Amino acid sequence: MKRLLILTLCFVFGTLSIDIMAQWTSNPNLNTEVSAPRNRVYAWDFGVNPDNSITTAFLSPGDGNIEMWYNIHDTEGATIFEDGARLVASSPTILFTMFNSIAYHDAQGNMLMIYQNKRNAVEQGVFGDNFNYDVYKVSPKGELLWSKPVDLNRGKYSEDAQGSMSVAGLEDGSYVFAFADYFIVGDTYSSRICMERISADGEFLWEKTLCIEEPNVMYAYPYLVSAGDNQVILLYAKGSNQDLMLRKIDFDGSSVWNEDVKVYRGGFPSVPIWTFLSIIPDGEGGAIVGWRDDRHFTNYEKTYVSHVLSDGSYAYASGIEGEAVGYTEGMRSFEPTMLYDKDNDCLYTIRRETNMGQGVQRLMLQKMASTGELLWGPEGVEMRPDDGNLVAYFDLQFAEDGNVVAFYMVQVGGNDVAAYAHKFNKETGESMWEQDVLFTSVIDSRSELKVSPLIDGKYWVAMWEDERILEDDNIDVDWTEMPIRLYMQRINIDGSLGSIAEVTSIDSVNDEFTISVQGNSIIAPTDAKIYN
């Protein structure tokens, strides 16, 4: 599929009032800042509340510590707090969040904020200093609901290090937590998976911590998803070969299946598997797992998925081999993004394809039947053709009519990154918008794109890390002090941006603000500088 990629950009000269940033904007160069007053963010997550307001939790450095903050924005994109984000916790810790969940958003709109610190740690442990978890709970109105945080280590001093946190909620309002626990026995370095169930009021519901462990066997990278009926499914990696395993767990901690299901036999490159492993629930008590591997040692990875049903059986005849989501000769295939249509029992995926040196990159969209059959051909649909630019950070959501909308980022010359949305037909994969919708500009670097499901049948909210320089920023500092803020944008179902009261269509934005692209270079006014 060949489509004209039109880049649009509004250049603003001088200083804009911060009041503009308090609400949704139709200007793709402005966006709405989330992390104010903090100007550096390390890890974050957000969720949409029942009243369509948005709660965001994030970590930021301060006073020599890593601090936990949160912010809530109303339906117009304005923060409900007069001074912006609020501080939750600040205590001695280090940045150890690369594969942690720091927040969980439940069905009632409450946000669990998971803060890793050294409060229960001995001075010297597995990693010198050890880290344990405290959990805070905040309502959609911004109120802290527990009188004190829940200490997942139950107040015990620890010589272990804990990481790779994952959380899932149960229908009774309780939560299940899973994390890896790293320890040393004699001279042997080992790990296990620990799990706790906490009530909606912050009470421990299991008599003791549930641990999955065996002598001399490594257990790592736990991921939890809800399975309905007050049950969860746990995905984890087992052994030095990192076999991918699933366990279905009942509300009392017991296993539902007679034995854990092996999703894939393992054998991955040196790249940590948490960088490309993903899992989603199927809404029927099962789960779908996605990953990539080079099982035939060709130096050309492929992207695979496996669907395990509620009873622990494989949906695909390939069993532990999984099903490849595409076959393209001479191209490497990377991280899958998955979207499951329960009503029609089919799976949509996005994967990134590159040549050997990754100088050629494109995004591919695929639809799979419940049997694993590739419905859009062996390669799928080319949703973002190669044009010499790098592509990364993509998401996939349903539209109001059951079609799908892809969101993704493109690096356009230097470190400048733009983000786009595009709608595709659910039956054919054909483009449904005349061009990509630019929802944040190509000035400065952006990363870590996350997108909400469709809100109220009208719009999505995209959020990302943003390195734009503001007027008051001191840019003559070490790179570790440069700003990394959170910004968000509202994208409407017709491809317009901003609130309904100020809807600006794709065409009118493009007619007024257009720049051209020659190769990898952006042709724009040389005196253009962006301030918020």
# chains A, B, ... in the order shown; residues from 1 in each chain; ligands from 1
>>> residues_around(residues="Val412 (chain A)", least_positions_apart="4", cutoff="7 Å", atoms="only C-alpha atoms", output="list of chain:residue names")
A:Asn389, A:Asp416, A:Val417, A:Val442, A:Asn520
>>> residues_around(residues="Pro378 (chain A)", least_positions_apart="2", cutoff="12 Å", atoms="only C-alpha atoms", output="JSON, numbers by chain")
{"A": [323, 324, 325, 326, 327, 328, 329, 364, 365, 366, 367, 368, 372, 373, 374, 375, 376, 380, 381, 382]}
>>> residues_around(residues="region 70-74 of chain A", least_positions_apart="6", cutoff="8 Å", atoms="only C-alpha atoms", output="list of chain:residue names")
A:Val34, A:Ser35, A:Asn52, A:Ser53, A:Ile54, A:Thr55, A:Thr56, A:Ala57, A:Phe58, A:Ile80, A:Phe81, A:Gly84, A:Ala85, A:Arg86, A:Leu87, A:Val88, A:Pro140, A:Lys141, A:Gly142
>>> atom_distance(atom1="CA of Val176 (chain A)", atom2="CA of Pro149 (chain A)")
15.7 Å
